[in-house]
Each structure stands twice: as structure tokens, then as C-alpha cells.
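Trainee: Dropping in my_file-v4.cif, which is mmCIF, C-alpha atoms:
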data_my_file
loop_
_atom_site.label_atom_id
_atom_site.label_comp_id
_atom_site.auth_asym_id
_atom_site.auth_seq_id
_atom_site.Cartn_x
_atom_site.Cartn_y
_atom_site.Cartn_z
CA PRO A 1277 -204.76 69.40 74.24
CA GLU A 1278 -208.44 68.36 74.35
CA CYS A 1279 -209.77 71.92 74.74
CA MET A 1280 -207.21 73.49 72.40
CA PRO A 1281 -209.44 73.63 69.29
CA ALA A 1282 -212.24 75.31 71.22
CA ALA A 1283 -209.85 77.83 72.80
CA LEU A 1284 -208.18 78.74 69.50
CA LEU A 1285 -211.48 79.06 67.66
CA ALA A 1286 -212.91 81.17 70.51
CA ALA A 1287 -209.89 83.49 70.25
CA LEU A 1288 -210.39 83.74 66.49
CA THR A 1289 -214.07 84.54 66.91
CA ALA A 1290 -213.39 87.10 69.64
CA THR A 1291 -210.80 89.01 67.63
CA VAL A 1292 -212.04 88.76 64.06
CA SER A 1293 -214.50 91.66 64.27
CA LYS A 1294 -211.99 94.01 65.87
CA TYR A 1295 -209.02 92.98 63.69
CA LEU A 1296 -210.70 91.91 60.45
CA GLY A 1297 -208.06 93.72 58.43
CA VAL A 1298 -205.37 91.51 59.92
CA TRP A 1299 -207.30 88.24 59.63
CA LYS A 1300 -208.07 88.84 55.94
CA LYS A 1301 -204.47 89.54 54.89
CA VAL A 1302 -202.28 86.50 54.38
CA GLU A 1303 -199.13 88.64 54.58
CA MET A 1304 -200.15 89.94 58.03
CA ILE A 1305 -200.66 86.39 59.29
CA GLU A 1306 -197.26 85.49 57.84
CA ARG A 1307 -195.70 88.28 59.92
CA ILE A 1308 -197.35 86.85 63.02
CA ILE A 1309 -196.02 83.41 62.11
CA SER A 1310 -192.52 84.81 61.69
CA SER A 1311 -192.67 86.48 65.10
CA LEU A 1312 -193.95 83.28 66.73
CA LEU A 1313 -191.21 81.23 65.06
CA PHE A 1314 -188.62 83.60 66.52
CA SER A 1315 -190.25 83.40 69.94
CA GLY A 1316 -190.49 79.60 69.87
CA THR A 1317 -186.91 79.18 68.70
CA GLN A 1318 -185.58 81.58 71.32
CA SER A 1319 -187.62 79.81 73.99
CA ILE A 1320 -186.03 76.47 73.11
CA LEU A 1321 -182.55 78.02 73.18
CA ASP A 1322 -183.39 79.54 76.60
CA GLY A 1323 -184.68 76.19 77.90
CA ASN A 1324 -188.29 77.37 78.18
CA ILE A 1325 -189.95 74.38 76.50
CA GLU A 1326 -193.49 75.24 77.63
CA GLN A 1327 -193.29 78.68 76.00
CA ALA A 1328 -191.86 77.07 72.85
CA HIS A 1329 -194.79 74.63 72.79
CA GLU A 1330 -197.27 77.52 72.93
CA SER A 1331 -195.51 79.41 70.15
CA ALA A 1332 -195.37 76.32 67.94
CA VAL A 1333 -199.08 75.55 68.42
CA PHE A 1334 -199.93 79.11 67.38
CA VAL A 1335 -197.60 78.84 64.36
CA SER A 1336 -199.41 75.68 63.29
CA PHE A 1337 -202.80 77.31 63.84
CA PHE A 1338 -201.90 80.38 61.76
CA GLU A 1339 -200.29 78.25 59.01
CA ASP A 1340 -203.50 76.22 58.80
CA TYR A 1341 -205.58 79.41 58.82
CA ASN A 1342 -203.59 80.82 55.90
CA ALA A 1343 -203.88 77.54 53.99
CA ILE A 1344 -207.64 77.54 54.53
CA MET A 1345 -207.85 81.17 53.38
CA ARG A 1346 -205.82 80.31 50.26
CA ARG A 1347 -208.09 77.31 49.72
CA THR A 1348 -205.19 74.87 49.75
CA GLN A 1349 -206.39 73.04 52.87
CA ALA A 1350 -209.88 72.00 53.97
CA SER A 1351 -209.67 72.51 57.73
CA PHE A 1352 -207.42 72.84 60.75
CA ASN A 1353 -205.18 69.88 61.54
CA TRP A 1354 -205.97 69.59 65.25
CA PRO A 1355 -204.03 66.35 65.83
CA LYS A 1356 -200.87 67.96 64.44
CA MET A 1357 -201.30 70.96 66.73
CA SER A 1358 -201.82 68.67 69.72
CA GLU A 1359 -198.67 66.71 68.91
CA LEU A 1360 -196.57 69.88 69.11
CA ALA A 1361 -197.26 70.06 72.83
CA LEU A 1362 -196.46 66.41 73.57
CA ASP A 1363 -192.76 65.84 72.96
CA GLU A 1364 -189.60 67.84 72.35
CA ARG A 1365 -188.59 65.93 69.23
CA THR A 1366 -191.73 66.97 67.38
CA LEU A 1367 -191.48 70.52 68.71
CA VAL A 1368 -187.83 71.08 67.80
CA GLY A 1369 -188.24 69.41 64.40
CA PHE A 1370 -191.30 71.53 63.61
CA LEU A 1371 -189.53 74.81 64.41
CA ARG A 1372 -186.21 73.73 62.85
CA LYS A 1373 -187.88 73.11 59.47
CA ARG A 1374 -189.34 76.61 59.44
CA ILE A 1375 -186.36 78.79 60.33
CA PRO A 1376 -183.55 79.86 57.99
CA CYS A 1377 -180.70 79.34 60.48
CA THR A 1378 -179.08 76.24 61.98
CA CYS A 1379 -179.40 77.33 65.60
CA LEU A 1380 -181.67 74.38 66.49
CA ASP A 1381 -179.51 71.70 64.85
CA GLU A 1382 -177.62 70.89 68.04
CA LYS A 1383 -180.84 70.69 70.07
CA TYR A 1384 -182.44 68.48 67.42
CA ASN A 1385 -179.49 66.08 67.63
CA GLU A 1386 -180.13 65.86 71.38
CA VAL A 1387 -183.84 65.04 71.03
CA LYS A 1388 -184.08 63.12 67.75
CA HIS A 1389 -183.88 59.78 69.60
CA MET A 1390 -187.04 60.60 71.61
CA THR A 1391 -190.27 58.83 70.75
CA LYS A 1392 -192.77 60.90 68.81
CA MET A 1393 -195.98 61.15 70.80
CA GLY A 1394 -199.57 61.47 69.67
CA PHE A 1395 -202.83 62.25 71.38
CA CYS A 1396 -205.94 60.14 71.86
CA SER A 1397 -209.00 62.32 71.27
CA ASN A 1398 -211.17 60.29 73.62
CA PRO A 1399 -211.49 62.35 76.83
CA GLN A 1400 -212.14 59.10 78.72
CA CYS A 1401 -208.93 57.42 77.49
CA ASP A 1402 -207.15 55.48 80.23
CA LEU A 1403 -203.71 56.67 79.09
CA LEU A 1404 -202.07 59.41 81.15
CA ASP A 1405 -203.10 62.71 79.51
CA GLY A 1406 -204.16 60.71 76.44
CA LYS A 1407 -200.53 60.50 75.32
CA VAL A 1408 -199.62 57.57 73.09
CA GLU A 1409 -196.76 56.76 70.73
CA ARG A 1410 -197.66 58.47 67.48
CA SER A 1411 -197.03 55.31 65.46
CA ALA A 1412 -199.90 53.68 67.40
CA THR A 1413 -202.48 56.39 66.69
CA ASN A 1414 -205.29 56.05 64.18
CA TYR A 1415 -207.18 58.88 62.52
CA CYS A 1416 -210.95 58.75 62.34
CA ALA A 1417 -211.45 57.20 58.90
CA GLU A 1418 -214.43 59.42 58.08
CA CYS A 1419 -213.31 62.95 59.02
CA ARG A 1420 -209.56 62.52 59.63
CA CYS A 1421 -209.78 65.35 62.19
CA VAL A 1422 -209.17 63.34 65.38
CA THR A 1423 -206.82 60.54 66.43
CA TYR A 1424 -207.25 57.62 68.79
CA CYS A 1425 -204.94 55.22 70.58
CA SER A 1426 -207.14 52.21 69.77
CA GLN A 1427 -210.33 51.10 68.08
CA GLY A 1428 -211.81 50.69 71.56
CA CYS A 1429 -211.21 54.35 72.40
CA GLN A 1430 -212.61 55.39 69.04
CA LYS A 1431 -215.74 53.31 69.58
CA ASP A 1432 -216.19 54.63 73.13
CA ASP A 1433 -215.84 58.23 71.90
CA TRP A 1434 -218.25 57.84 68.98
CA PRO A 1435 -221.34 59.25 70.79
CA ARG A 1436 -219.41 62.49 71.44
CA HIS A 1437 -217.51 62.61 68.14
CA LYS A 1438 -220.36 61.76 65.77
CA CYS A 1439 -222.04 65.14 66.23
CA TYR A 1440 -219.26 66.89 64.32
CA CYS A 1441 -217.61 64.02 62.41
CA SER A 1442 -219.99 64.16 59.45
CA LEU A 1443 -219.69 67.95 59.29
CA PHE A 1444 -215.88 67.70 59.03
CA ALA A 1445 -216.18 64.87 56.50
CA MET A 1446 -218.58 66.88 54.33
CA ARG A 1447 -216.27 69.90 54.49
CA ARG A 1448 -213.32 67.76 53.43
CA ALA A 1449 -215.32 66.11 50.60
CA SER A 1450 -216.47 69.50 49.34
CA PHE A 1451 -212.90 70.79 49.46
CA ASP A 1452 -211.58 67.68 47.64
CA ALA A 1453 -214.24 68.12 44.95
CA THR A 1454 -213.17 71.71 44.30
CA GLN A 1455 -209.54 70.63 44.09
CA THR A 1456 -210.24 68.02 41.41
CA GLN A 1457 -212.15 70.59 39.34
CA LYS A 1458 -209.09 72.87 39.10
#
Please lay out the structure from this file as C-alpha cells.
Mentor:
Amino acid sequence: PECMPAALLAALTATVSKYLGVWKKVEMIERIISSLLFSGTQSILDGNIEQAHESAVFVSFFEDYNAIMRRTQASFNWPKMSELALDERTLVGFLRKRIPCTCLDEKYNEVKHMTKMGFCSNPQCDLLDGKVERSATNYCAECRCVTYCSQGCQKDDWPRHKCYCSLFAMRRASFDATQTQK
């Protein structure tokens, strides 16, 4: 999950000039979301969890993109996207809330007892793959764009994180200011 933001933003940058008409139309992005929801749901029903994870991450990315375009959200929610790839409970629940049918209800009942997992944004975290129980994660208090498993990991990651933390915090503050003016 660590390189996911860079990969998704690189894909956006690489395609925006060729497909600007698609990227600028909220309804086109909504069609893509609908297709990805179908793909993710079918993948779960077929037992292909990895493919379902990928579809769900893209759904989350495109939902965030649309919200940013509509000016109802300041930035991408990278921790949420990362969490979609960490446990089946989060994955199934995410897709289940977005589809009009009940085809994932049985699967959700199977996985709802599983622990929700989060991701520590510190690349040097000692935890296997940076996975941690979501209830134990803490957002960066300044930018709220990354999560950590502990204050120690947050402190250790500060030299890397500080270069973009203030940028994200300023973007969020600017967004919040425009929302209070409405």
C-alpha cells in the first residue's frame, strides 16, 4: 500500500491529457465506478479476493476524485484506500454499501467477525507489511493524510513525511475555509 498513492497519481497524470474529456465529466467517472463495483462484487462472489481488492481501491480513488472535482472533499483519503487491501471485512463492507442488491450479505456475515486492519505509513515500521488493527492507528494530527501504528513510528517517519505534511495541511485548511464561507 505504501506506493499506491504514487502509482494512482502517476496513472492519472499519464492519462489526463489523452482522456481529458473523461476526467472532466463526473458522470463518466460515475460510470467507471459502477463498472468497478460490478467487477469487485463479482470477484468476491467468484472467490478472487485480490481482484476485488484492486477494484475497490479504484472505486475509492474515483469516488475521491469526483468529490474533489465537486469541491466536497479536500484531497484523496489514502489511508482509506490502503485499508481496502488489508482485510476482507473492510473490503466486503465497502462494496456491499455501494451496490443495490443483497448478493454480498451472506459473504459479509461470514467476514464481519474479522478484525478491521489499518496501515502504518512509516516504511520502516517493524510490523509485518505495516498492518495493524485499525482501532490502534492514529492519523497525523496536522494533515490527516497518513496513519501510524504508534507515536514512535510517527516520530521516526517525520523526516520523510514533513516534506508534504504542511502542503496537505494547507490544502485542507484552504478547503475548510471555502466550506465555511458557503
Trainee: Excluding range 1418-1431 of chain A and residues on its chain fewer than 2 positions from it, collect all residues at most 12 Å away from it, counting all atoms listed in the file, and give them as JSON, numbers by chain.
Mentor: {"A": [1277, 1278, 1281, 1350, 1351, 1352, 1353, 1354, 1355, 1356, 1357, 1358, 1359, 1393, 1394, 1395, 1396, 1397, 1398, 1399, 1400, 1401, 1402, 1403, 1404, 1405, 1406, 1407, 1408, 1409, 1410, 1411, 1412, 1413, 1414, 1415, 1416, 1433, 1434, 1435, 1436, 1437, 1438, 1439, 1440, 1441, 1442, 1443, 1444, 1445, 1446, 1447, 1448, 1449]}
Trainee: Pick out the closest residue to Phe1338 in chain A from this set: A:Ala1286, A:Leu1360, A:Ile1325, A:Met1304. Count all atoms listed in the file.
Mentor: A:Met1304
Trainee: Report the distance between CA of Gly1323 in chain A and CA of Lys1383 in chain A in Å, rounded to one decimal place.
Mentor: 10.3 Å
Trainee: Hey, what comes out of the PyMOL selection byres ((chain A and resi 1311-1313) around 9) on this file? Could you write it as a compact mmCIF listing (two decimals) with C-alpha atoms, in the frame of the given file?
Mentor:
# COMPACT_ATOMS: atom_id res chain seq x y z
CA GLU A 1306 -197.26 85.49 57.84
CA ARG A 1307 -195.70 88.28 59.92
CA ILE A 1308 -197.35 86.85 63.02
CA ILE A 1309 -196.02 83.41 62.11
CA SER A 1310 -192.52 84.81 61.69
CA PHE A 1314 -188.62 83.60 66.52
CA SER A 1315 -190.25 83.40 69.94
CA GLY A 1316 -190.49 79.60 69.87
CA THR A 1317 -186.91 79.18 68.70
CA GLN A 1318 -185.58 81.58 71.32
CA ALA A 1328 -191.86 77.07 72.85
CA SER A 1331 -195.51 79.41 70.15
CA ALA A 1332 -195.37 76.32 67.94
CA PHE A 1334 -199.93 79.11 67.38
CA VAL A 1335 -197.60 78.84 64.36
CA LEU A 1371 -189.53 74.81 64.41
CA ARG A 1374 -189.34 76.61 59.44
CA ILE A 1375 -186.36 78.79 60.33
Trainee: Ranking A:Ile1320, A:Tyr1341, A:Pro1376, A:Asp1381 by minimum distance to Leu1288 in chain A and counting all atoms listed in the file, which one comes first?
Mentor: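 Comparing A:Ile1320, A:Tyr1341, A:Pro1376, A:Asp1381 against Leu1288 in chain A, the winner is A:Tyr1341.
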Trainee: Report, in Å to a single decimal, how far apart CA of Leu1284 in chain A and CA of Arg1365 in chain A are.
Mentor: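 Computing the Euclidean distance for CA of Arg1365 in chain A and CA of Leu1284 in chain A yields 23.4 Å.
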Trainee: Out of A:Ile1344, A:Val1368, A:Leu1380, A:Ala1290, which residue has the shortest atom-to-atom distance to Phe1451 in chain A when counting only C-alpha atoms?
Mentor: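 Nearest candidate to Phe1451 in chain A out of A:Ile1344, A:Val1368, A:Leu1380, A:Ala1290: A:Ile1344.
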Trainee: What is the CA of Gln1457 in chain A-CA of Lys1301 in chain A distance in Å, reported with one decimal?
Mentor: 25.7 Å
Trainee: Using all atoms listed in the file, which of the listed residues (A:Gly1297, A:Arg1347, A:Val1292, A:Ala1283) sits closest to Thr1454 in chain A?
Mentor: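 Closest to Thr1454 in chain A of all the choices is A:Arg1347.
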Trainee: For range 1322-1342 of chain A, where the input has fewer atoms than it should, I would like N, CA, C and O atoms rebuilt and written as a short mmCIF file (atom, residue, chain, number, x, y, z; two decimals), in the coordinates of the input.
Mentor:
data_model
loop_
_atom_site.label_atom_id
_atom_site.label_comp_id
_atom_site.auth_asym_id
_atom_site.auth_seq_id
_atom_site.Cartn_x
_atom_site.Cartn_y
_atom_site.Cartn_z
N ASP A 1322 -183.43 79.10 75.20
CA ASP A 1322 -183.39 79.54 76.60
C ASP A 1322 -183.81 78.44 77.56
O ASP A 1322 -183.80 78.66 78.78
N GLY A 1323 -184.24 77.30 77.04
CA GLY A 1323 -184.68 76.19 77.90
C GLY A 1323 -186.11 76.29 78.37
O GLY A 1323 -186.53 75.55 79.25
N ASN A 1324 -186.89 77.19 77.79
CA ASN A 1324 -188.29 77.37 78.18
C ASN A 1324 -189.17 76.58 77.20
O ASN A 1324 -189.78 77.14 76.29
N ILE A 1325 -189.25 75.28 77.42
CA ILE A 1325 -189.95 74.38 76.50
C ILE A 1325 -191.44 74.67 76.47
O ILE A 1325 -192.07 74.63 75.41
N GLU A 1326 -192.04 74.97 77.61
CA GLU A 1326 -193.49 75.24 77.63
C GLU A 1326 -193.84 76.45 76.75
O GLU A 1326 -194.82 76.42 76.01
N GLN A 1327 -193.05 77.51 76.84
CA GLN A 1327 -193.29 78.68 76.00
C GLN A 1327 -193.09 78.33 74.53
O GLN A 1327 -193.84 78.78 73.67
N ALA A 1328 -192.10 77.50 74.23
CA ALA A 1328 -191.86 77.07 72.85
C ALA A 1328 -193.04 76.26 72.33
O ALA A 1328 -193.44 76.41 71.16
N HIS A 1329 -193.61 75.39 73.19
CA HIS A 1329 -194.79 74.63 72.79
C HIS A 1329 -195.92 75.57 72.39
O HIS A 1329 -196.56 75.38 71.35
N GLU A 1330 -196.18 76.57 73.22
CA GLU A 1330 -197.27 77.52 72.93
C GLU A 1330 -197.03 78.24 71.61
O GLU A 1330 -197.95 78.37 70.79
N SER A 1331 -195.82 78.71 71.40
CA SER A 1331 -195.51 79.41 70.15
C SER A 1331 -195.72 78.50 68.95
O SER A 1331 -196.31 78.90 67.94
N ALA A 1332 -195.26 77.25 69.05
CA ALA A 1332 -195.37 76.32 67.94
C ALA A 1332 -196.83 75.99 67.62
O ALA A 1332 -197.22 75.88 66.46
N VAL A 1333 -197.65 75.82 68.65
CA VAL A 1333 -199.08 75.55 68.42
C VAL A 1333 -199.71 76.73 67.68
O VAL A 1333 -200.48 76.53 66.73
N PHE A 1334 -199.38 77.94 68.07
CA PHE A 1334 -199.93 79.11 67.38
C PHE A 1334 -199.41 79.19 65.94
O PHE A 1334 -200.15 79.54 65.03
N VAL A 1335 -198.13 78.87 65.72
CA VAL A 1335 -197.60 78.84 64.36
C VAL A 1335 -198.42 77.88 63.51
O VAL A 1335 -198.85 78.21 62.40
N SER A 1336 -198.64 76.68 64.03
CA SER A 1336 -199.41 75.68 63.29
C SER A 1336 -200.83 76.18 63.01
O SER A 1336 -201.35 76.02 61.90
N PHE A 1337 -201.45 76.77 64.01
CA PHE A 1337 -202.80 77.31 63.84
C PHE A 1337 -202.83 78.35 62.72
O PHE A 1337 -203.67 78.31 61.82
N PHE A 1338 -201.91 79.32 62.76
CA PHE A 1338 -201.90 80.38 61.76
C PHE A 1338 -201.51 79.85 60.37
O PHE A 1338 -202.02 80.34 59.36
N GLU A 1339 -200.61 78.86 60.31
CA GLU A 1339 -200.29 78.25 59.01
C GLU A 1339 -201.54 77.58 58.43
O GLU A 1339 -201.83 77.73 57.23
N ASP A 1340 -202.26 76.85 59.26
CA ASP A 1340 -203.50 76.22 58.80
C ASP A 1340 -204.51 77.27 58.37
O ASP A 1340 -205.18 77.13 57.34
N TYR A 1341 -204.64 78.33 59.15
CA TYR A 1341 -205.58 79.41 58.82
C TYR A 1341 -205.26 79.99 57.45
O TYR A 1341 -206.15 80.16 56.61
N ASN A 1342 -203.99 80.29 57.21
CA ASN A 1342 -203.59 80.82 55.90
C ASN A 1342 -203.89 79.83 54.78
O ASN A 1342 -204.35 80.22 53.70
#
